[in-house]
>>> print(open('data_37.txt').read())   # compact mmCIF, C-alpha atoms and all ligand atoms
# COMPACT_ATOMS: atom_id res chain seq x y z
CA MET A 142 -10.55 0.58 13.82
CA ILE A 143 -11.28 1.54 17.46
CA THR A 144 -8.87 1.85 20.39
CA LYS A 145 -10.35 1.64 23.87
CA GLY A 146 -8.74 0.72 27.18
CA ASN A 147 -6.12 -1.96 26.58
CA PHE A 148 -7.24 -3.08 23.12
CA LEU A 149 -7.39 -2.14 19.46
CA LEU A 150 -10.42 -3.55 17.59
CA LEU A 151 -10.23 -4.04 13.82
CA ASP A 152 -12.53 -5.33 11.11
CA SER A 153 -10.98 -8.36 9.45
CA SER A 154 -10.64 -6.30 6.24
CA GLU A 155 -8.52 -3.72 8.12
CA PHE A 156 -6.09 -6.23 9.60
CA ASN A 157 -3.63 -6.68 6.72
CA GLY A 158 -3.26 -2.93 6.19
CA TRP A 159 -2.65 -2.46 9.91
CA LEU A 160 -0.16 -5.35 10.00
CA GLN A 161 1.86 -3.87 7.12
CA GLN A 162 2.46 -0.75 9.25
CA GLN A 163 3.87 -2.74 12.18
CA LYS A 164 7.60 -2.97 12.82
CA ILE A 165 8.41 -6.42 14.20
CA THR A 166 11.40 -6.26 16.54
CA ARG A 167 11.56 -9.85 17.79
CA THR A 168 11.93 -13.16 15.95
CA ILE A 169 8.55 -14.87 15.59
CA SER A 170 8.65 -18.36 14.07
CA LYS A 171 5.53 -20.01 15.52
CA LEU A 172 1.86 -19.08 15.51
CA GLN A 173 -0.14 -20.63 18.36
CA VAL A 174 -3.79 -21.63 17.94
CA HIS A 175 -6.11 -21.44 20.98
CA HIS A 176 -9.82 -21.25 21.70
CA THR A 177 -10.94 -19.30 24.77
CA TRP A 178 -13.50 -21.99 25.88
CA LEU A 179 -14.70 -19.25 28.24
CA PRO A 180 -15.84 -16.70 27.10
CA ASN A 181 -17.78 -18.52 24.37
CA TYR A 182 -20.78 -17.95 22.10
CA SER A 183 -23.22 -18.33 25.03
CA THR A 184 -21.54 -15.78 27.29
CA ARG A 185 -20.92 -13.38 24.37
CA ARG A 186 -24.58 -12.67 23.55
CA ASN A 187 -24.90 -8.87 23.06
CA GLN A 188 -21.80 -8.29 25.16
CA ASP A 189 -19.59 -5.35 24.14
CA HIS A 190 -16.28 -6.46 22.54
CA PHE A 191 -14.17 -4.31 24.85
CA ARG A 192 -16.01 -5.48 27.97
CA CYS A 193 -15.26 -9.06 26.92
CA LEU A 194 -11.57 -8.29 26.29
CA GLU A 195 -11.12 -6.41 29.58
CA GLY A 196 -12.77 -9.37 31.33
CA ILE A 197 -10.19 -11.74 29.82
CA ARG A 198 -7.40 -9.34 30.84
CA THR A 199 -8.65 -9.12 34.43
CA THR A 200 -8.66 -12.94 34.66
CA HIS A 201 -5.13 -13.10 33.27
CA LEU A 202 -3.87 -10.42 35.66
CA ALA A 203 -5.37 -12.46 38.50
CA ASN A 204 -3.13 -15.35 37.31
CA GLY A 205 -0.24 -13.08 38.18
CA TRP A 206 0.53 -12.40 34.49
CA SER A 207 1.91 -9.03 33.40
CA GLY A 208 -1.01 -8.41 31.02
CA THR A 209 -3.43 -10.08 28.66
CA GLY A 210 -2.01 -13.52 27.78
CA GLN A 211 -2.63 -13.42 24.03
CA ASN A 212 -1.38 -10.97 21.42
CA VAL A 213 -4.44 -11.31 19.21
CA THR A 214 -8.11 -12.29 19.72
CA VAL A 215 -10.62 -13.26 17.00
CA PHE A 216 -14.33 -12.71 17.70
CA GLU A 217 -17.32 -14.72 16.52
CA ASP A 218 -18.33 -11.83 14.21
CA GLY A 219 -14.90 -11.80 12.52
CA LYS A 220 -13.53 -8.76 14.34
CA ILE A 221 -9.88 -8.94 15.37
CA ALA A 222 -8.49 -7.41 18.59
CA ILE A 223 -4.86 -6.56 19.32
CA SER A 224 -3.81 -6.55 22.98
CA LEU A 225 -2.08 -3.20 23.54
CA ASP A 226 -0.55 -4.51 26.77
CA ARG A 227 0.78 -7.53 24.80
CA ASP A 228 1.54 -6.11 21.36
CA LEU A 229 3.12 -8.29 18.65
CA ASN A 230 6.63 -7.52 19.93
CA LYS A 231 5.93 -8.88 23.43
CA THR A 232 6.32 -12.57 24.22
CA PRO A 233 2.86 -13.99 25.01
CA ALA A 234 1.64 -16.18 27.84
CA GLY A 235 0.01 -18.86 25.71
CA ILE A 236 1.78 -22.20 26.19
CA LYS A 237 3.91 -22.69 29.27
CA GLY A 238 7.61 -22.87 28.37
CA GLU A 239 6.93 -22.43 24.63
CA ASN A 240 6.21 -18.74 24.25
CA THR A 241 9.58 -17.35 23.17
CA GLY A 242 9.48 -16.79 19.42
CA ALA A 243 5.73 -17.43 19.34
CA LEU A 244 2.63 -15.36 18.76
CA CYS A 245 -0.51 -16.28 20.72
CA VAL A 246 -3.91 -16.07 19.01
CA GLU A 247 -7.08 -16.73 21.03
CA ILE A 248 -10.22 -17.59 19.08
CA ILE A 249 -13.36 -16.73 21.03
CA GLY A 250 -15.55 -19.81 21.48
CA ASN A 251 -15.70 -23.34 22.80
CA PHE A 252 -14.83 -25.64 19.92
CA ASP A 253 -14.87 -28.91 21.81
CA VAL A 254 -17.38 -31.49 20.51
CA GLY A 255 -20.85 -30.34 21.58
CA GLY A 256 -19.68 -26.72 21.95
CA ASP A 257 -20.01 -23.77 19.56
CA ALA A 258 -20.37 -24.13 15.78
CA MET A 259 -17.92 -21.59 14.36
CA THR A 260 -19.58 -18.83 12.31
CA ASP A 261 -18.51 -18.28 8.69
CA GLU A 262 -17.35 -14.75 9.62
CA GLN A 263 -15.04 -16.08 12.32
CA ARG A 264 -13.77 -18.93 10.15
CA GLN A 265 -12.88 -16.49 7.35
CA ALA A 266 -11.26 -14.03 9.77
CA VAL A 267 -9.18 -16.81 11.38
CA LEU A 268 -7.86 -18.07 8.00
CA HIS A 269 -7.17 -14.50 6.88
CA LEU A 270 -5.37 -13.63 10.12
CA TYR A 271 -3.00 -16.63 10.01
CA ALA A 272 -2.37 -16.08 6.27
CA CYS A 273 -1.48 -12.39 6.80
CA LEU A 274 0.79 -13.24 9.75
CA ALA A 275 2.51 -16.07 7.82
CA ILE A 276 3.27 -13.72 4.91
CA LYS A 277 4.41 -10.80 7.08
CA LEU A 278 6.57 -12.92 9.39
CA ASN A 279 7.75 -15.29 6.64
CA ILE A 280 6.46 -18.34 8.52
CA PRO A 281 5.86 -21.61 6.60
CA VAL A 282 2.20 -22.64 6.62
CA ASP A 283 2.50 -26.12 8.13
CA THR A 284 1.95 -27.95 11.43
CA ASN A 285 5.54 -27.33 12.58
CA HIS A 286 4.95 -23.59 12.64
CA ILE A 287 1.20 -23.18 13.14
CA VAL A 288 0.66 -25.17 16.33
CA TYR A 289 -2.27 -26.21 18.49
CA HIS A 290 -2.03 -25.82 22.27
CA ALA A 291 -3.10 -29.47 22.58
CA TRP A 292 0.17 -30.65 21.03
CA TYR A 293 2.05 -29.76 24.24
CA THR A 294 2.04 -31.24 27.75
CA SER A 295 1.13 -29.04 30.71
CA ALA A 296 4.89 -28.79 31.40
CA GLY A 297 5.32 -27.31 27.92
CA ASP A 298 6.90 -30.37 26.29
CA TRP A 299 6.18 -30.89 22.59
CA LEU A 300 4.04 -33.98 21.97
CA GLY A 301 3.55 -33.17 18.30
CA ASP A 302 -0.11 -34.23 18.46
CA TYR A 303 -3.14 -34.30 20.72
CA ILE A 304 -2.83 -37.27 23.04
CA GLN A 305 -5.68 -37.61 25.50
CA GLY A 306 -4.34 -37.82 29.04
CA ARG A 307 -0.95 -36.39 28.07
CA SER A 308 -1.90 -33.16 26.34
CA SER A 309 -2.30 -30.20 28.68
CA LYS A 310 -5.71 -29.29 27.20
CA THR A 311 -8.04 -30.07 24.29
CA CYS A 312 -7.45 -26.46 23.07
CA PRO A 313 -8.38 -25.29 20.35
CA GLY A 314 -11.11 -27.91 20.72
CA THR A 315 -11.92 -31.50 19.79
CA ASN A 316 -14.15 -30.19 16.98
CA PHE A 317 -11.97 -27.22 15.92
CA PHE A 318 -12.73 -26.19 12.32
CA GLY A 319 -15.11 -29.14 12.15
CA HIS A 320 -12.13 -31.53 12.09
CA GLY A 321 -10.73 -31.66 15.62
CA ASN A 322 -7.46 -30.88 17.39
CA THR A 323 -5.09 -33.60 16.13
CA ARG A 324 -2.13 -32.95 13.85
CA LEU A 325 -3.91 -34.81 11.02
CA ALA A 326 -7.06 -32.73 11.56
CA ALA A 327 -4.96 -29.58 11.29
CA SER A 328 -3.16 -30.65 8.11
CA ARG A 329 -6.46 -31.68 6.49
CA GLY A 330 -8.96 -29.19 7.84
CA PHE A 331 -7.07 -26.03 8.76
CA ILE A 332 -3.68 -25.64 7.04
CA PRO A 333 -5.07 -25.92 3.44
CA GLY A 334 -7.52 -23.08 4.16
CA ILE A 335 -4.65 -20.84 5.29
CA GLN A 336 -2.55 -21.82 2.24
CA ALA A 337 -5.44 -20.93 -0.08
CA GLU A 338 -5.83 -17.57 1.67
CA VAL A 339 -2.06 -16.91 1.34
CA GLN A 340 -2.38 -17.55 -2.42
CA ARG A 341 -5.44 -15.31 -2.67
CA ILE A 342 -3.61 -12.46 -0.90
CA LYS A 343 -0.42 -12.92 -2.97
CA ASN A 344 -2.45 -12.95 -6.22
CA GLY A 345 -3.81 -9.58 -5.20
CA ASP A 346 -7.36 -10.93 -5.26
CA GLU A 347 -8.19 -9.04 -2.09
CA GLU A 348 -10.25 -6.37 -3.82
CA PRO A 349 -12.94 -7.46 -6.26
CA MET A 350 -12.82 -5.63 -9.64
CA THR A 351 -14.95 -2.50 -9.92
CA ALA A 352 -17.47 -2.21 -12.78
CA ALA A 353 -15.17 0.29 -14.55
CA GLU A 354 -12.16 -2.04 -14.21
CA LYS A 355 -14.25 -4.96 -15.47
CA LYS A 356 -15.30 -2.93 -18.57
CA ARG A 357 -11.66 -1.99 -19.28
CA MET A 358 -10.70 -5.68 -19.06
CA ASP A 359 -13.57 -6.66 -21.41
CA ASP A 360 -12.64 -3.91 -23.91
CA LEU A 361 -9.00 -5.00 -23.83
CA GLN A 362 -10.03 -8.62 -24.45
CA ALA A 363 -12.22 -7.56 -27.41
CA THR A 364 -9.27 -5.62 -28.93
CA VAL A 365 -6.96 -8.60 -28.51
CA ASP A 366 -9.54 -10.92 -30.15
CA ALA A 367 -10.04 -8.53 -33.11
CA GLN A 368 -6.27 -8.27 -33.59
CA SER A 369 -5.75 -12.01 -33.67
CA LYS A 370 -8.56 -12.34 -36.25
CA TRP A 371 -6.91 -9.63 -38.37
CA ILE A 372 -3.51 -11.33 -38.13
CA GLU A 373 -5.09 -14.65 -39.20
CA SER A 374 -6.78 -13.03 -42.20
CA GLU A 375 -3.52 -11.28 -43.18
CA LYS A 376 -1.74 -14.62 -43.03
CA ALA A 377 -4.41 -16.14 -45.26
CA LYS A 378 -4.10 -13.18 -47.67
CA ALA A 379 -0.34 -13.66 -47.92
CA ASN A 380 -0.86 -17.21 -49.08
CA MET A 381 -3.97 -17.08 -51.26
CA GLU A 382 -4.85 -19.40 -54.14
CA CYS A 383 -4.93 -17.68 -57.53
CA PRO A 384 -8.06 -15.48 -57.55
CA SER A 385 -10.44 -15.63 -60.53
CA TRP A 386 -9.39 -12.15 -61.80
CA ALA A 387 -5.76 -13.34 -62.11
CA LYS A 388 -6.53 -16.69 -63.80
CA THR A 389 -5.66 -15.56 -67.36
CA ALA A 390 -2.36 -13.99 -66.21
CA TYR A 391 -1.58 -17.05 -64.17
CA GLU A 392 -2.15 -19.40 -67.14
CA TYR A 393 0.10 -17.15 -69.26
CA TYR A 394 2.97 -17.13 -66.74
CA LYS A 395 2.40 -20.64 -65.35
CA PRO A 396 5.63 -22.13 -66.80
CA PHE A 397 7.59 -19.50 -64.82
CA ILE A 398 5.76 -19.79 -61.47
CA ALA A 399 6.68 -22.43 -58.89
CA ASP A 400 3.26 -22.82 -57.29
CA SER A 401 -0.28 -21.46 -57.39
CA LYS A 402 -0.13 -19.53 -54.12
CA GLY A 403 0.82 -15.93 -53.44
CA SER A 404 -0.12 -12.70 -51.74
CA TYR A 405 -2.79 -10.32 -53.02
CA ASP A 406 -0.03 -7.96 -54.18
CA PHE A 407 1.68 -10.78 -56.06
CA TRP A 408 -1.50 -11.60 -58.06
CA ARG A 409 -2.13 -7.92 -58.76
CA GLN A 410 1.42 -7.40 -60.08
CA LEU A 411 1.10 -10.52 -62.21
CA VAL A 412 -2.04 -9.12 -63.86
CA ILE A 413 -0.29 -5.76 -64.54
CA ASN A 414 2.69 -7.55 -66.08
CA TYR A 415 0.35 -9.61 -68.26
CA ARG A 416 -1.47 -6.46 -69.49
CA LYS A 417 1.83 -4.66 -70.21
CA GLU A 418 3.21 -7.57 -72.17
CA ASN A 419 -0.01 -7.97 -74.17
CA GLY A 420 -0.69 -4.27 -74.71
CA ILE A 421 -3.93 -4.24 -72.73
CA GLN A 422 -4.71 -0.78 -71.37
CA VAL A 423 -7.10 -0.26 -68.52
CA GLN A 424 -9.83 2.30 -69.08
CA LYS A 425 -9.73 5.01 -66.39
CA VAL A 426 -13.10 5.94 -64.98
ZN ZN A 501 -4.99 -22.80 24.64
>>> encode(input="data_37.txt", output="structure tokens", more="lines below")
Ligand SMILES: [Zn+2]
Amino acid sequence: MITKGNFLLLDSSEFNGWLQQQKITRTISKLQVHHTWLPNYSTRRNQDHFRCLEGIRTTHLANGWSGTGQNVTVFEDGKIAISLDRDLNKTPAGIKGENTGALCVEIIGNFDVGGDAMTDEQRQAVLHLYACLAIKLNIPVDTNHIVYHAWYTSAGDWLGDYIQGRSSKTCPGTNFFGHGNTRLAASRGFIPGIQAEVQRIKNGDEEPMTAAEKKRMDDLQATVDAQSKWIESEKAKANMECPSWAKTAYEYYKPFIADSKGSYDFWRQLVINYRKENGIQVQKV
């Protein structure tokens, strides 16, 4: 976690912990999805993260904006940057006329067909970021609430899908997440990944088990298995067929016994009764 200039840079694994500490003071009901187009993977080569971010900010200030347009930026190596001049509680400048109640996320890269192939690190960080935000802000994970820039006109009217010639831009790219920028592409190729990540986070699967925890789980399982075996054998003992050492007693008392099954203690008592009645004493050793 590094703060420098106008940005805070986090590893993807630090994001959820950081987010939990944030107090959200405005209503956020939509998460916007953008690619930067420029900068992209070609311009990013060996460039410092903060230099890249300050460059974006300078361009946005030149637009006459009050600060960096987006609240959050996701890098090709999976790092996540928070704009300190556009923190989560400030309305972003992401989609003209549609920014109130929205959070703007810029994904570094050009994801139009023929552009950048998203790295696994960035893909994972993007899914994780939207999942964490959806949980924290209580936003449903669907295409009404997680929206592509391309689903709006340049005037900010909702088209509800990418329509070439009517959409303001192709953003987040005609090959975004390997599926494209249409509503169908989002519901097939993007939304399910976020839903799976939400489940993973809610199940507490974030941290893999340590070797010690794994051993404790294995030991516990072994104890449970041994106990169920013991219970089974006790059940069998409580309902055993007449054992050979009780045969004579059983034959003797047969007219008075309903069936030939009983517990170990029952057969033992039967033998004692038989000996008593027939004057058979057991030799003590
Ligand atoms: Zn955009």
>>> residues_near_ligand(input="data_37.txt", ligand="ligand ZN 501 (chain A)", cutoff="8 Å", atoms="all atoms listed in the file", output="PyMOL selection string")
chain A and resi 174-177+235-236+247+289-291+310-313
>>> closest_residue(input="data_37.txt", among="A:Tyr271, A:Tyr303, A:Phe148, A:Tyr415", to="Leu244 (chain A)", atoms="all atoms listed in the file")
A:Tyr271
>>> axis_aligned_box(input="data_37.txt", around="region 261-280 of chain A", padding_each_side="5 Å", output="JSON")
{"center_x": -5.4, "center_y": -14.9, "center_z": 8.6, "size_x": 36.3, "size_y": 18.1, "size_z": 17.4}
>>> atom_distance(input="data_37.txt", atom1="CA of Ile372 (chain A)", atom2="CA of Asp406 (chain A)")
16.8 Å
>>> closest_residue(input="data_37.txt", among="A:Asp257, A:Glu338, A:Glu373, A:Glu262", to="Ile221 (chain A)", atoms="only C-alpha atoms")
A:Glu262
>>> closest_residue(input="data_37.txt", among="A:Asn285, A:Gln368, A:Thr241, A:Asn251", to="Thr168 (chain A)", atoms="all atoms listed in the file")
A:Thr241
>>> atom_distance(input="data_37.txt", atom1="CA of Ile342 (chain A)", atom2="CA of Gln265 (chain A)")
13.0 Å
>>> residues_around(input="data_37.txt", residues="Ala258 (chain A)", least_positions_apart="4", cutoff="12 Å", atoms="only C-alpha atoms", output="list of chain:residue names")
A:Asn181, A:Tyr182, A:Ser183, A:Glu217, A:Ile249, A:Gly250, A:Asn251, A:Phe252, A:Asp253, A:Val254, A:Glu262, A:Gln263, A:Arg264, A:Gly314, A:Thr315, A:Asn316, A:Phe317, A:Phe318, A:Gly319, A:His320
>>> residues_around(input="data_37.txt", residues="Ser401 (chain A)", least_positions_apart="4", cutoff="10 Å", atoms="all atoms listed in the file", output="JSON list (two decimals) with C-alpha atoms, in the coordinates of the input")
[["chain", "number", "residue", "atom", "x", "y", "z"],
["A", 380, "ASN", "CA", -0.86, -17.21, -49.08],
["A", 381, "MET", "CA", -3.97, -17.08, -51.26],
["A", 382, "GLU", "CA", -4.85, -19.40, -54.14],
["A", 383, "CYS", "CA", -4.93, -17.68, -57.53],
["A", 384, "PRO", "CA", -8.06, -15.48, -57.55],
["A", 391, "TYR", "CA", -1.58, -17.05, -64.17],
["A", 395, "LYS", "CA", 2.40, -20.64, -65.35],
["A", 408, "TRP", "CA", -1.50, -11.60, -58.06]]
>>> residues_near_point(input="data_37.txt", point="(3.7, -15.9, -62.5)", cutoff="8 Å", atoms="all atoms listed in the file", output="list in words")
Ala390, Tyr391, Tyr393, Tyr394, Lys395, Pro396, Phe397, Ile398 and Leu411 of chain A
>>> atom_distance(input="data_37.txt", atom1="CA of Arg324 (chain A)", atom2="CA of Asp302 (chain A)")
5.2 Å
>>> residues_around(input="data_37.txt", residues="Gln211 (chain A)", least_positions_apart="3", cutoff="8 Å", atoms="all atoms listed in the file", output="ChimeraX atom specification")
/A:214,224,227,233-235,244-247
>>> residues_near_point(input="data_37.txt", point="(-11.6, -1.8, 17.8)", cutoff="9 Å", atoms="all atoms listed in the file", output="PyMOL selection string")
chain A and resi 142-145+148-152+190-191+220-223
>>> closest_residue(input="data_37.txt", among="A:Ile165, A:Ile332, A:Leu361, A:Val215", to="Met259 (chain A)", atoms="all atoms listed in the file")
A:Val215
>>> residues_around(input="data_37.txt", residues="region 278-280 of chain A", least_positions_apart="6", cutoff="10 Å", atoms="only C-alpha atoms", output="list in words")
Ile165, Thr168, Ile169, Ser170, Lys171, Leu172, Tyr271, Ala272, His286 and Ile287 of chain A
>>> closest_residue(input="data_37.txt", among="A:Asp218, A:Asp261, A:Gly330, A:Lys378", to="Asn187 (chain A)", atoms="only C-alpha atoms")
A:Asp218
>>> closest_residue(input="data_37.txt", among="A:Thr284, A:Asn230, A:Gln422, A:Asn157", to="Ala327 (chain A)", atoms="all atoms listed in the file")
A:Thr284
>>> build_atoms(input="data_37.txt", residues="region 200-211 of chain A", atoms="all heavy atoms", output="CSV table (one decimal), in the frame of the given file")
chain,number,residue,atom,x,y,z
A,200,THR,N,-8.9,-11.5,34.3
A,200,THR,CA,-8.7,-12.9,34.7
A,200,THR,C,-7.2,-13.3,34.6
A,200,THR,O,-6.6,-13.9,35.5
A,200,THR,CB,-9.5,-13.9,33.7
A,200,THR,OG1,-10.8,-13.4,33.7
A,200,THR,CG2,-9.4,-15.3,34.2
A,201,HIS,N,-6.6,-12.8,33.5
A,201,HIS,CA,-5.1,-13.1,33.3
A,201,HIS,C,-4.3,-12.4,34.3
A,201,HIS,O,-3.3,-12.9,34.8
A,201,HIS,CB,-4.7,-12.7,31.8
A,201,HIS,CG,-5.3,-13.7,30.8
A,201,HIS,ND1,-5.1,-13.5,29.5
A,201,HIS,CD2,-6.0,-14.8,30.9
A,201,HIS,CE1,-5.7,-14.5,28.8
A,201,HIS,NE2,-6.3,-15.2,29.7
A,202,LEU,N,-4.6,-11.2,34.6
A,202,LEU,CA,-3.9,-10.4,35.7
A,202,LEU,C,-4.0,-11.1,37.0
A,202,LEU,O,-3.0,-11.2,37.8
A,202,LEU,CB,-4.4,-9.0,35.8
A,202,LEU,CG,-4.1,-8.0,34.6
A,202,LEU,CD1,-4.7,-6.7,34.9
A,202,LEU,CD2,-2.6,-7.9,34.4
A,203,ALA,N,-5.2,-11.7,37.3
A,203,ALA,CA,-5.4,-12.5,38.5
A,203,ALA,C,-4.5,-13.7,38.6
A,203,ALA,O,-4.2,-14.2,39.6
A,203,ALA,CB,-6.8,-12.8,38.6
A,204,ASN,N,-4.1,-14.2,37.4
A,204,ASN,CA,-3.1,-15.4,37.3
A,204,ASN,C,-1.7,-14.9,37.7
A,204,ASN,O,-0.8,-15.7,37.8
A,204,ASN,CB,-3.0,-15.9,35.9
A,204,ASN,CG,-4.3,-16.6,35.4
A,204,ASN,OD1,-5.1,-16.9,36.2
A,204,ASN,ND2,-4.3,-16.8,34.1
A,205,GLY,N,-1.6,-13.6,37.9
A,205,GLY,CA,-0.2,-13.1,38.2
A,205,GLY,C,0.5,-12.7,36.9
A,205,GLY,O,1.7,-12.5,37.0
A,206,TRP,N,-0.1,-12.7,35.7
A,206,TRP,CA,0.5,-12.4,34.5
A,206,TRP,C,0.7,-10.9,34.4
A,206,TRP,O,-0.1,-10.1,35.0
A,206,TRP,CB,-0.2,-12.9,33.3
A,206,TRP,CG,-0.4,-14.4,33.3
A,206,TRP,CD1,0.2,-15.3,34.1
A,206,TRP,CD2,-1.2,-15.2,32.4
A,206,TRP,NE1,-0.1,-16.6,33.9
A,206,TRP,CE2,-1.0,-16.6,32.8
A,206,TRP,CE3,-2.0,-14.9,31.3
A,206,TRP,CZ2,-1.7,-17.6,32.1
A,206,TRP,CZ3,-2.7,-16.0,30.7
A,206,TRP,CH2,-2.5,-17.3,31.1
A,207,SER,N,1.6,-10.5,33.5
A,207,SER,CA,1.9,-9.0,33.4
A,207,SER,C,0.9,-8.3,32.6
A,207,SER,O,0.8,-7.1,32.6
A,207,SER,CB,3.3,-8.8,32.8
A,207,SER,OG,3.3,-9.4,31.5
A,208,GLY,N,0.0,-9.0,31.9
A,208,GLY,CA,-1.0,-8.4,31.0
A,208,GLY,C,-1.9,-9.5,30.4
A,208,GLY,O,-1.8,-10.7,30.8
A,209,THR,N,-2.6,-9.1,29.4
A,209,THR,CA,-3.4,-10.1,28.7
A,209,THR,C,-2.5,-11.2,28.1
A,209,THR,O,-1.4,-10.8,27.6
A,209,THR,CB,-4.2,-9.4,27.5
A,209,THR,OG1,-4.8,-8.2,28.0
A,209,THR,CG2,-5.2,-10.3,26.8
A,210,GLY,N,-2.9,-12.4,28.2
A,210,GLY,CA,-2.0,-13.5,27.8
A,210,GLY,C,-1.7,-13.5,26.3
A,210,GLY,O,-0.6,-13.7,25.9
A,211,GLN,N,-2.8,-13.3,25.5
A,211,GLN,CA,-2.6,-13.4,24.0
A,211,GLN,C,-2.3,-12.1,23.4
A,211,GLN,O,-2.6,-11.0,23.9
A,211,GLN,CB,-3.9,-14.0,23.4
A,211,GLN,CG,-5.1,-13.0,23.4
A,211,GLN,CD,-6.0,-13.2,24.7
A,211,GLN,OE1,-5.5,-13.6,25.7
A,211,GLN,NE2,-7.3,-12.9,24.5
